[in-house]
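> My structure is stored as my_file_36.cif, with mmCIF, N, CA and C atoms.
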```cif
data_structure
#
loop_
_atom_site.label_atom_id
_atom_site.label_comp_id
_atom_site.auth_asym_id
_atom_site.auth_seq_id
_atom_site.Cartn_x
_atom_site.Cartn_y
_atom_site.Cartn_z
N MET A 1 32.30 1.65 51.78
CA MET A 1 30.92 1.29 51.45
C MET A 1 30.32 2.36 50.51
N ILE A 2 29.58 1.91 49.56
CA ILE A 2 28.98 2.83 48.58
C ILE A 2 27.69 3.42 49.15
N SER A 3 27.58 4.75 49.08
CA SER A 3 26.35 5.41 49.55
C SER A 3 25.26 5.27 48.50
N ASN A 4 24.02 5.54 48.91
CA ASN A 4 22.90 5.44 47.97
C ASN A 4 23.04 6.46 46.84
N GLU A 5 23.59 7.64 47.16
CA GLU A 5 23.78 8.68 46.15
C GLU A 5 24.77 8.18 45.09
N GLN A 6 25.86 7.56 45.55
CA GLN A 6 26.86 7.03 44.62
C GLN A 6 26.25 5.92 43.77
N LEU A 7 25.41 5.11 44.40
CA LEU A 7 24.76 4.01 43.72
C LEU A 7 23.88 4.54 42.58
N ILE A 8 23.12 5.59 42.85
CA ILE A 8 22.27 6.21 41.83
C ILE A 8 23.14 6.74 40.70
N LEU A 9 24.23 7.39 41.06
CA LEU A 9 25.16 7.92 40.06
C LEU A 9 25.71 6.78 39.20
N PHE A 10 26.08 5.66 39.84
CA PHE A 10 26.60 4.51 39.12
C PHE A 10 25.58 4.00 38.11
N PHE A 11 24.31 3.91 38.54
CA PHE A 11 23.26 3.43 37.64
C PHE A 11 23.07 4.37 36.45
N ILE A 12 23.19 5.68 36.71
CA ILE A 12 23.06 6.66 35.63
C ILE A 12 24.21 6.52 34.65
N ILE A 13 25.43 6.38 35.19
CA ILE A 13 26.61 6.20 34.33
C ILE A 13 26.46 4.92 33.51
N MET A 14 26.04 3.83 34.19
CA MET A 14 25.87 2.55 33.51
C MET A 14 24.84 2.64 32.40
N ALA A 15 23.77 3.38 32.65
CA ALA A 15 22.73 3.54 31.63
C ALA A 15 23.32 4.26 30.41
N PHE A 16 24.07 5.33 30.67
CA PHE A 16 24.66 6.07 29.56
C PHE A 16 25.70 5.24 28.80
N THR A 17 26.55 4.51 29.52
CA THR A 17 27.58 3.72 28.84
C THR A 17 26.95 2.57 28.07
N GLU A 18 25.91 1.97 28.63
CA GLU A 18 25.23 0.87 27.95
C GLU A 18 24.53 1.37 26.68
N ILE A 19 23.84 2.51 26.78
CA ILE A 19 23.17 3.09 25.62
C ILE A 19 24.21 3.46 24.57
N SER A 20 25.30 4.08 25.01
CA SER A 20 26.38 4.46 24.10
C SER A 20 26.93 3.23 23.40
N ALA A 21 27.14 2.17 24.15
CA ALA A 21 27.66 0.92 23.59
C ALA A 21 26.75 0.43 22.47
N GLN A 22 25.45 0.44 22.72
CA GLN A 22 24.50 -0.05 21.72
C GLN A 22 24.51 0.82 20.47
N PHE A 23 24.56 2.15 20.65
CA PHE A 23 24.61 3.05 19.49
C PHE A 23 25.91 2.83 18.72
N LEU A 24 27.01 2.75 19.45
CA LEU A 24 28.32 2.59 18.81
C LEU A 24 28.43 1.27 18.07
N LEU A 25 27.96 0.20 18.69
CA LEU A 25 28.04 -1.11 18.05
C LEU A 25 27.13 -1.16 16.83
N LYS A 26 25.98 -0.50 16.92
CA LYS A 26 25.06 -0.43 15.77
C LYS A 26 25.75 0.32 14.63
N LYS A 27 26.38 1.43 14.97
CA LYS A 27 27.08 2.24 13.97
C LYS A 27 28.26 1.45 13.41
N GLY A 28 28.93 0.73 14.30
CA GLY A 28 30.06 -0.10 13.88
C GLY A 28 29.62 -1.22 12.95
N ALA A 29 28.43 -1.77 13.23
CA ALA A 29 27.89 -2.87 12.43
C ALA A 29 27.54 -2.40 11.02
N ASP A 30 27.17 -1.12 10.89
CA ASP A 30 26.83 -0.56 9.59
C ASP A 30 28.08 -0.20 8.78
N HIS A 31 29.23 -0.22 9.44
CA HIS A 31 30.49 0.16 8.82
C HIS A 31 31.02 -0.96 7.93
N LYS A 32 31.83 -0.60 6.96
CA LYS A 32 32.38 -1.61 6.04
C LYS A 32 33.43 -2.48 6.72
N SER A 33 34.41 -1.87 7.35
CA SER A 33 35.49 -2.64 7.96
C SER A 33 35.01 -3.28 9.26
N HIS A 34 35.54 -4.47 9.57
CA HIS A 34 35.11 -5.18 10.77
C HIS A 34 35.60 -4.49 12.05
N PHE A 35 36.88 -4.13 12.06
CA PHE A 35 37.42 -3.46 13.24
C PHE A 35 37.48 -1.97 12.97
N ASN A 36 36.47 -1.27 13.46
CA ASN A 36 36.45 0.17 13.26
C ASN A 36 36.36 0.85 14.61
N ILE A 37 36.52 2.16 14.61
CA ILE A 37 36.54 2.94 15.86
C ILE A 37 35.24 2.78 16.64
N TYR A 38 34.10 2.66 15.94
CA TYR A 38 32.82 2.51 16.63
C TYR A 38 32.76 1.20 17.38
N PHE A 39 33.26 0.16 16.75
CA PHE A 39 33.28 -1.16 17.36
C PHE A 39 34.13 -1.15 18.62
N ILE A 40 35.30 -0.55 18.52
CA ILE A 40 36.23 -0.48 19.65
C ILE A 40 35.66 0.37 20.78
N LEU A 41 35.09 1.54 20.43
CA LEU A 41 34.47 2.40 21.45
C LEU A 41 33.27 1.70 22.09
N GLY A 42 32.53 0.94 21.28
CA GLY A 42 31.38 0.19 21.79
C GLY A 42 31.82 -0.83 22.83
N LEU A 43 32.90 -1.54 22.52
CA LEU A 43 33.43 -2.53 23.47
C LEU A 43 33.91 -1.84 24.75
N LEU A 44 34.55 -0.69 24.58
CA LEU A 44 35.04 0.08 25.73
C LEU A 44 33.87 0.51 26.61
N ALA A 45 32.78 0.96 25.98
CA ALA A 45 31.60 1.39 26.73
C ALA A 45 30.99 0.22 27.51
N ILE A 46 30.97 -0.97 26.89
CA ILE A 46 30.46 -2.15 27.59
C ILE A 46 31.36 -2.48 28.77
N PHE A 47 32.67 -2.40 28.56
CA PHE A 47 33.64 -2.67 29.62
C PHE A 47 33.40 -1.74 30.81
N ILE A 48 33.23 -0.45 30.53
CA ILE A 48 32.98 0.54 31.60
C ILE A 48 31.68 0.20 32.33
N THR A 49 30.63 -0.15 31.57
CA THR A 49 29.35 -0.52 32.17
C THR A 49 29.54 -1.65 33.17
N TYR A 50 30.28 -2.68 32.76
CA TYR A 50 30.43 -3.84 33.62
C TYR A 50 31.38 -3.63 34.78
N VAL A 51 32.31 -2.68 34.64
CA VAL A 51 33.16 -2.32 35.78
C VAL A 51 32.27 -1.70 36.86
N PHE A 52 31.38 -0.81 36.46
CA PHE A 52 30.45 -0.19 37.41
C PHE A 52 29.49 -1.24 37.98
N LEU A 53 29.06 -2.16 37.11
CA LEU A 53 28.15 -3.21 37.54
C LEU A 53 28.80 -4.06 38.64
N TYR A 54 30.10 -4.31 38.48
CA TYR A 54 30.87 -5.08 39.47
C TYR A 54 30.83 -4.37 40.83
N PHE A 55 31.05 -3.05 40.82
CA PHE A 55 31.03 -2.30 42.08
C PHE A 55 29.64 -2.27 42.69
N VAL A 56 28.61 -2.18 41.83
CA VAL A 56 27.24 -2.20 42.33
C VAL A 56 26.94 -3.56 42.96
N MET A 57 27.41 -4.64 42.32
CA MET A 57 27.18 -5.98 42.86
C MET A 57 27.87 -6.20 44.20
N ARG A 58 28.98 -5.51 44.39
CA ARG A 58 29.71 -5.62 45.66
C ARG A 58 28.92 -5.08 46.85
N THR A 59 27.87 -4.30 46.57
CA THR A 59 27.05 -3.76 47.66
C THR A 59 26.23 -4.88 48.30
N GLY A 60 26.17 -6.05 47.61
CA GLY A 60 25.45 -7.18 48.18
C GLY A 60 23.96 -7.16 47.88
N LYS A 61 23.54 -6.21 47.06
CA LYS A 61 22.12 -6.17 46.71
C LYS A 61 21.79 -7.35 45.79
N HIS A 62 20.53 -7.74 45.81
CA HIS A 62 20.10 -8.88 45.01
C HIS A 62 20.30 -8.58 43.53
N ILE A 63 20.82 -9.56 42.80
CA ILE A 63 21.13 -9.35 41.38
C ILE A 63 19.89 -8.97 40.56
N SER A 64 18.74 -9.49 40.93
CA SER A 64 17.51 -9.15 40.19
C SER A 64 17.14 -7.69 40.40
N VAL A 65 17.41 -7.17 41.60
CA VAL A 65 17.14 -5.76 41.91
C VAL A 65 18.08 -4.88 41.09
N ILE A 66 19.36 -5.24 41.07
CA ILE A 66 20.36 -4.49 40.30
C ILE A 66 19.96 -4.48 38.83
N HIS A 67 19.60 -5.64 38.32
CA HIS A 67 19.22 -5.79 36.92
C HIS A 67 18.00 -4.91 36.60
N ALA A 68 17.00 -4.96 37.46
CA ALA A 68 15.77 -4.18 37.26
C ALA A 68 16.07 -2.67 37.25
N ILE A 69 16.85 -2.22 38.21
CA ILE A 69 17.17 -0.79 38.28
C ILE A 69 17.98 -0.37 37.05
N HIS A 70 18.94 -1.20 36.68
CA HIS A 70 19.79 -0.89 35.53
C HIS A 70 18.94 -0.72 34.26
N HIS A 71 18.06 -1.66 34.00
CA HIS A 71 17.26 -1.61 32.79
C HIS A 71 16.17 -0.53 32.84
N THR A 72 15.66 -0.27 34.03
CA THR A 72 14.68 0.81 34.17
C THR A 72 15.35 2.15 33.89
N SER A 73 16.56 2.34 34.43
CA SER A 73 17.25 3.62 34.21
C SER A 73 17.57 3.80 32.73
N ILE A 74 17.87 2.72 32.02
CA ILE A 74 18.12 2.81 30.58
C ILE A 74 16.83 3.25 29.87
N ALA A 75 15.71 2.62 30.22
CA ALA A 75 14.42 2.96 29.59
C ALA A 75 14.06 4.42 29.83
N VAL A 76 14.27 4.89 31.07
CA VAL A 76 13.94 6.27 31.42
C VAL A 76 14.84 7.25 30.66
N ILE A 77 16.13 6.98 30.64
CA ILE A 77 17.07 7.88 29.96
C ILE A 77 16.82 7.90 28.45
N LEU A 78 16.49 6.73 27.87
CA LEU A 78 16.16 6.69 26.44
C LEU A 78 14.90 7.50 26.15
N ALA A 79 13.90 7.38 27.03
CA ALA A 79 12.65 8.12 26.85
C ALA A 79 12.91 9.63 26.93
N LEU A 80 13.70 10.05 27.93
CA LEU A 80 14.04 11.46 28.10
C LEU A 80 14.87 11.95 26.92
N GLY A 81 15.84 11.13 26.51
CA GLY A 81 16.70 11.48 25.38
C GLY A 81 15.90 11.65 24.11
N ALA A 82 14.97 10.73 23.86
CA ALA A 82 14.12 10.80 22.65
C ALA A 82 13.28 12.07 22.67
N PHE A 83 12.83 12.43 23.86
CA PHE A 83 12.00 13.64 24.01
C PHE A 83 12.81 14.90 23.75
N PHE A 84 13.98 15.01 24.42
CA PHE A 84 14.77 16.23 24.31
C PHE A 84 15.55 16.34 22.99
N LEU A 85 16.04 15.21 22.48
CA LEU A 85 16.85 15.25 21.26
C LEU A 85 16.01 15.19 20.00
N PHE A 86 14.94 14.38 20.02
CA PHE A 86 14.17 14.18 18.79
C PHE A 86 12.71 14.61 18.92
N SER A 87 12.38 15.27 20.04
CA SER A 87 11.01 15.72 20.31
C SER A 87 9.98 14.59 20.19
N GLN A 88 10.43 13.36 20.47
CA GLN A 88 9.50 12.22 20.44
C GLN A 88 8.78 12.15 21.77
N LYS A 89 7.48 12.40 21.72
CA LYS A 89 6.70 12.32 22.96
C LYS A 89 6.18 10.90 23.13
N LEU A 90 6.06 10.49 24.38
CA LEU A 90 5.50 9.18 24.68
C LEU A 90 3.97 9.28 24.68
N GLU A 91 3.33 8.23 24.24
CA GLU A 91 1.87 8.16 24.31
C GLU A 91 1.49 8.06 25.78
N PRO A 92 0.26 8.51 26.16
CA PRO A 92 -0.17 8.40 27.56
C PRO A 92 -0.01 6.97 28.10
N MET A 93 -0.33 5.97 27.26
CA MET A 93 -0.22 4.56 27.69
C MET A 93 1.24 4.19 27.96
N GLN A 94 2.15 4.71 27.13
CA GLN A 94 3.58 4.43 27.32
C GLN A 94 4.09 5.08 28.60
N ILE A 95 3.62 6.30 28.87
CA ILE A 95 4.01 7.00 30.10
C ILE A 95 3.51 6.20 31.31
N PHE A 96 2.28 5.72 31.21
CA PHE A 96 1.68 4.92 32.27
C PHE A 96 2.50 3.64 32.49
N ALA A 97 2.83 2.96 31.40
CA ALA A 97 3.60 1.71 31.49
C ALA A 97 4.98 1.96 32.10
N LEU A 98 5.64 3.02 31.64
CA LEU A 98 6.96 3.35 32.15
C LEU A 98 6.90 3.70 33.64
N SER A 99 5.83 4.40 34.03
CA SER A 99 5.62 4.74 35.44
C SER A 99 5.48 3.46 36.27
N LEU A 100 4.72 2.50 35.75
CA LEU A 100 4.55 1.23 36.47
C LEU A 100 5.88 0.52 36.64
N VAL A 101 6.69 0.53 35.60
CA VAL A 101 8.01 -0.10 35.65
C VAL A 101 8.86 0.57 36.73
N ILE A 102 8.85 1.91 36.75
CA ILE A 102 9.63 2.67 37.74
C ILE A 102 9.14 2.36 39.16
N ILE A 103 7.81 2.38 39.35
CA ILE A 103 7.24 2.10 40.67
C ILE A 103 7.57 0.67 41.10
N GLY A 104 7.43 -0.26 40.16
CA GLY A 104 7.73 -1.66 40.45
C GLY A 104 9.19 -1.86 40.86
N THR A 105 10.07 -1.20 40.13
CA THR A 105 11.50 -1.28 40.43
C THR A 105 11.79 -0.68 41.80
N PHE A 106 11.14 0.44 42.09
CA PHE A 106 11.32 1.11 43.38
C PHE A 106 10.88 0.20 44.53
N ILE A 107 9.71 -0.44 44.37
CA ILE A 107 9.19 -1.37 45.39
C ILE A 107 10.16 -2.54 45.57
N LEU A 108 10.65 -3.06 44.44
CA LEU A 108 11.60 -4.16 44.46
C LEU A 108 12.86 -3.78 45.25
N ALA A 109 13.37 -2.58 44.97
CA ALA A 109 14.58 -2.10 45.64
C ALA A 109 14.33 -1.87 47.14
N ARG A 110 13.15 -1.31 47.48
CA ARG A 110 12.81 -1.05 48.88
C ARG A 110 12.65 -2.35 49.66
N SER A 111 11.94 -3.30 49.07
CA SER A 111 11.68 -4.56 49.76
C SER A 111 12.98 -5.31 50.02
N GLU A 112 13.93 -5.15 49.10
CA GLU A 112 15.22 -5.81 49.25
C GLU A 112 16.00 -5.24 50.42
N ASN A 113 15.86 -3.93 50.64
CA ASN A 113 16.56 -3.27 51.75
C ASN A 113 16.08 -3.76 53.10
N GLY A 114 14.80 -4.09 53.16
CA GLY A 114 14.22 -4.54 54.43
C GLY A 114 14.75 -5.88 54.89
N HIS A 115 15.25 -6.70 53.98
CA HIS A 115 15.70 -8.04 54.33
C HIS A 115 17.22 -8.15 54.47
N HIS A 116 17.84 -7.07 54.91
CA HIS A 116 19.30 -7.13 55.08
C HIS A 116 19.68 -7.87 56.35
N HIS A 117 20.68 -8.74 56.23
CA HIS A 117 21.09 -9.54 57.40
C HIS A 117 22.21 -8.86 58.15
#
```
Please go through the file and, once you have read it, give me the structure as structure tokens.

Amino acid sequence: MISNEQLILFFIIMAFTEISAQFLLKKGADHKSHFNIYFILGLLAIFITYVFLYFVMRTGKHISVIHAIHHTSIAVILALGAFFLFSQKLEPMQIFALSLVIIGTFILARSENGHHH
């Protein structure tokens, strides 16, 4: 059985692999040749993301909860990455909105735990 700590780690890995996939595929799309290393690495990153997604789904959690957490973690990591790598600060409204998304996802995940059979 997967522990909650492992689950969090899986979501973090999935966020990174999904973000990497998008960057790689974007870079691959800008490339001249159709089959280039970026395209292949992008596909590999997607494959890794979905392997982890499969294990997360095996926990029996509701798919909407998994989806929400996955996309929230991507948004958070992108925001942090933009801040640390490119010094892009979020506007107060964006921070507020992102906070609402995180809180909403947390409530969704908590409520789902209460209804375990």
> How far is it from atom N of A:Val76 to atom C of A:Asn36, in Å with one decimal?
27.8 Å
> If we count all atoms listed in the file and set the cut-off at 8 Å, which residues sit around A:Ile13, ignoring sequence neighbours fewer than 5 positions away in its own chain? Please answer as a PDB file with N, CA and C atoms, keeping the file's coordinate frame.

```pdb
ATOM      1  N   LEU A   7      25.410   5.110  44.400  1.00  0.00           N
ATOM      2  CA  LEU A   7      24.760   4.010  43.720  1.00  0.00           C
ATOM      3  C   LEU A   7      23.880   4.540  42.580  1.00  0.00           C
ATOM      4  N   ILE A   8      23.120   5.590  42.850  1.00  0.00           N
ATOM      5  CA  ILE A   8      22.270   6.210  41.830  1.00  0.00           C
ATOM      6  C   ILE A   8      23.140   6.740  40.700  1.00  0.00           C
ATOM      7  N   GLU A  18      25.910   1.970  28.630  1.00  0.00           N
ATOM      8  CA  GLU A  18      25.230   0.870  27.950  1.00  0.00           C
ATOM      9  C   GLU A  18      24.530   1.370  26.680  1.00  0.00           C
ATOM     10  N   ILE A  19      23.840   2.510  26.780  1.00  0.00           N
ATOM     11  CA  ILE A  19      23.170   3.090  25.620  1.00  0.00           C
ATOM     12  C   ILE A  19      24.210   3.460  24.570  1.00  0.00           C
ATOM     13  N   ILE A  48      33.230  -0.450  30.530  1.00  0.00           N
ATOM     14  CA  ILE A  48      32.980   0.540  31.600  1.00  0.00           C
ATOM     15  C   ILE A  48      31.680   0.200  32.330  1.00  0.00           C
ATOM     16  N   THR A  49      30.630  -0.150  31.570  1.00  0.00           N
ATOM     17  CA  THR A  49      29.350  -0.520  32.170  1.00  0.00           C
ATOM     18  C   THR A  49      29.540  -1.650  33.170  1.00  0.00           C
ATOM     19  N   PHE A  52      31.380  -0.810  36.460  1.00  0.00           N
ATOM     20  CA  PHE A  52      30.450  -0.190  37.410  1.00  0.00           C
ATOM     21  C   PHE A  52      29.490  -1.240  37.980  1.00  0.00           C
TER      22      PHE A  52
END
```
> State, in Å with one decimal place, the distance from atom CA of A:Lys27 to atom C of A:Met14.
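Between atom CA of A:Lys27 and atom C of A:Met14 the gap is 18.6 Å.
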> Where in stretch 27-77 of chain A does DSSP assign alpha helix (DSSP H), given as number ranges by chain?
A: 27-30, 37-57, 63-77
> Leaving out A:Leu25 and any residue of its chain fewer than 4 positions from it, which residues lie within 12 Å of it when counting only C-alpha atoms, given as a PDB file with N, CA and C atoms, in the coordinates of the input?

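Resulting contents of selection24.pdb:
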```
ATOM      1  N   THR A  17      26.550   4.510  29.520  1.00  0.00           N
ATOM      2  CA  THR A  17      27.580   3.720  28.840  1.00  0.00           C
ATOM      3  C   THR A  17      26.950   2.570  28.070  1.00  0.00           C
ATOM      4  N   GLU A  18      25.910   1.970  28.630  1.00  0.00           N
ATOM      5  CA  GLU A  18      25.230   0.870  27.950  1.00  0.00           C
ATOM      6  C   GLU A  18      24.530   1.370  26.680  1.00  0.00           C
ATOM      7  N   ILE A  19      23.840   2.510  26.780  1.00  0.00           N
ATOM      8  CA  ILE A  19      23.170   3.090  25.620  1.00  0.00           C
ATOM      9  C   ILE A  19      24.210   3.460  24.570  1.00  0.00           C
ATOM     10  N   SER A  20      25.300   4.080  25.010  1.00  0.00           N
ATOM     11  CA  SER A  20      26.380   4.460  24.100  1.00  0.00           C
ATOM     12  C   SER A  20      26.930   3.230  23.400  1.00  0.00           C
ATOM     13  N   ALA A  21      27.140   2.170  24.150  1.00  0.00           N
ATOM     14  CA  ALA A  21      27.660   0.920  23.590  1.00  0.00           C
ATOM     15  C   ALA A  21      26.750   0.430  22.470  1.00  0.00           C
ATOM     16  N   ALA A  29      28.430  -1.770  13.230  1.00  0.00           N
ATOM     17  CA  ALA A  29      27.890  -2.870  12.430  1.00  0.00           C
ATOM     18  C   ALA A  29      27.540  -2.400  11.020  1.00  0.00           C
ATOM     19  N   ASP A  30      27.170  -1.120  10.890  1.00  0.00           N
ATOM     20  CA  ASP A  30      26.830  -0.560   9.590  1.00  0.00           C
ATOM     21  C   ASP A  30      28.080  -0.200   8.780  1.00  0.00           C
ATOM     22  N   HIS A  31      29.230  -0.220   9.440  1.00  0.00           N
ATOM     23  CA  HIS A  31      30.490   0.160   8.820  1.00  0.00           C
ATOM     24  C   HIS A  31      31.020  -0.960   7.930  1.00  0.00           C
ATOM     25  N   HIS A  34      35.540  -4.470   9.570  1.00  0.00           N
ATOM     26  CA  HIS A  34      35.110  -5.180  10.770  1.00  0.00           C
ATOM     27  C   HIS A  34      35.600  -4.490  12.050  1.00  0.00           C
ATOM     28  N   PHE A  35      36.880  -4.130  12.060  1.00  0.00           N
ATOM     29  CA  PHE A  35      37.420  -3.460  13.240  1.00  0.00           C
ATOM     30  C   PHE A  35      37.480  -1.970  12.970  1.00  0.00           C
ATOM     31  N   ASN A  36      36.470  -1.270  13.460  1.00  0.00           N
ATOM     32  CA  ASN A  36      36.450   0.170  13.260  1.00  0.00           C
ATOM     33  C   ASN A  36      36.360   0.850  14.610  1.00  0.00           C
ATOM     34  N   ILE A  37      36.520   2.160  14.610  1.00  0.00           N
ATOM     35  CA  ILE A  37      36.540   2.940  15.860  1.00  0.00           C
ATOM     36  C   ILE A  37      35.240   2.780  16.640  1.00  0.00           C
ATOM     37  N   TYR A  38      34.100   2.660  15.940  1.00  0.00           N
ATOM     38  CA  TYR A  38      32.820   2.510  16.630  1.00  0.00           C
ATOM     39  C   TYR A  38      32.760   1.200  17.380  1.00  0.00           C
ATOM     40  N   PHE A  39      33.260   0.160  16.750  1.00  0.00           N
ATOM     41  CA  PHE A  39      33.280  -1.160  17.360  1.00  0.00           C
ATOM     42  C   PHE A  39      34.130  -1.150  18.620  1.00  0.00           C
ATOM     43  N   ILE A  40      35.300  -0.550  18.520  1.00  0.00           N
ATOM     44  CA  ILE A  40      36.230  -0.480  19.650  1.00  0.00           C
ATOM     45  C   ILE A  40      35.660   0.370  20.780  1.00  0.00           C
ATOM     46  N   LEU A  41      35.090   1.540  20.430  1.00  0.00           N
ATOM     47  CA  LEU A  41      34.470   2.400  21.450  1.00  0.00           C
ATOM     48  C   LEU A  41      33.270   1.700  22.090  1.00  0.00           C
ATOM     49  N   GLY A  42      32.530   0.940  21.280  1.00  0.00           N
ATOM     50  CA  GLY A  42      31.380   0.190  21.790  1.00  0.00           C
ATOM     51  C   GLY A  42      31.820  -0.830  22.830  1.00  0.00           C
ATOM     52  N   LEU A  43      32.900  -1.540  22.520  1.00  0.00           N
ATOM     53  CA  LEU A  43      33.430  -2.530  23.470  1.00  0.00           C
ATOM     54  C   LEU A  43      33.910  -1.840  24.750  1.00  0.00           C
ATOM     55  N   LEU A  44      34.550  -0.690  24.580  1.00  0.00           N
ATOM     56  CA  LEU A  44      35.040   0.080  25.730  1.00  0.00           C
ATOM     57  C   LEU A  44      33.870   0.510  26.610  1.00  0.00           C
ATOM     58  N   ALA A  45      32.780   0.960  25.980  1.00  0.00           N
ATOM     59  CA  ALA A  45      31.600   1.390  26.730  1.00  0.00           C
ATOM     60  C   ALA A  45      30.990   0.220  27.510  1.00  0.00           C
ATOM     61  N   ILE A  46      30.970  -0.970  26.890  1.00  0.00           N
ATOM     62  CA  ILE A  46      30.460  -2.150  27.590  1.00  0.00           C
ATOM     63  C   ILE A  46      31.360  -2.480  28.770  1.00  0.00           C
TER      64      ILE A  46
END
```
> For a test of reading the model, state the distance in Å between atom N of A:Leu9 and atom C of A:Leu53, rounded to one decimal.
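Straight-line distance from atom N of A:Leu9 to atom C of A:Leu53 works out to 12.6 Å.
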> Go through A:Ser33, A:Thr72, A:Ile63, A:Gln22 one by one, measure the shortest atom-to-atom distance of each to A:Val101 using only N, CA and C atoms, and give the residue with the smallest value.
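Ranked by minimum distance to A:Val101, first place goes to A:Thr72.
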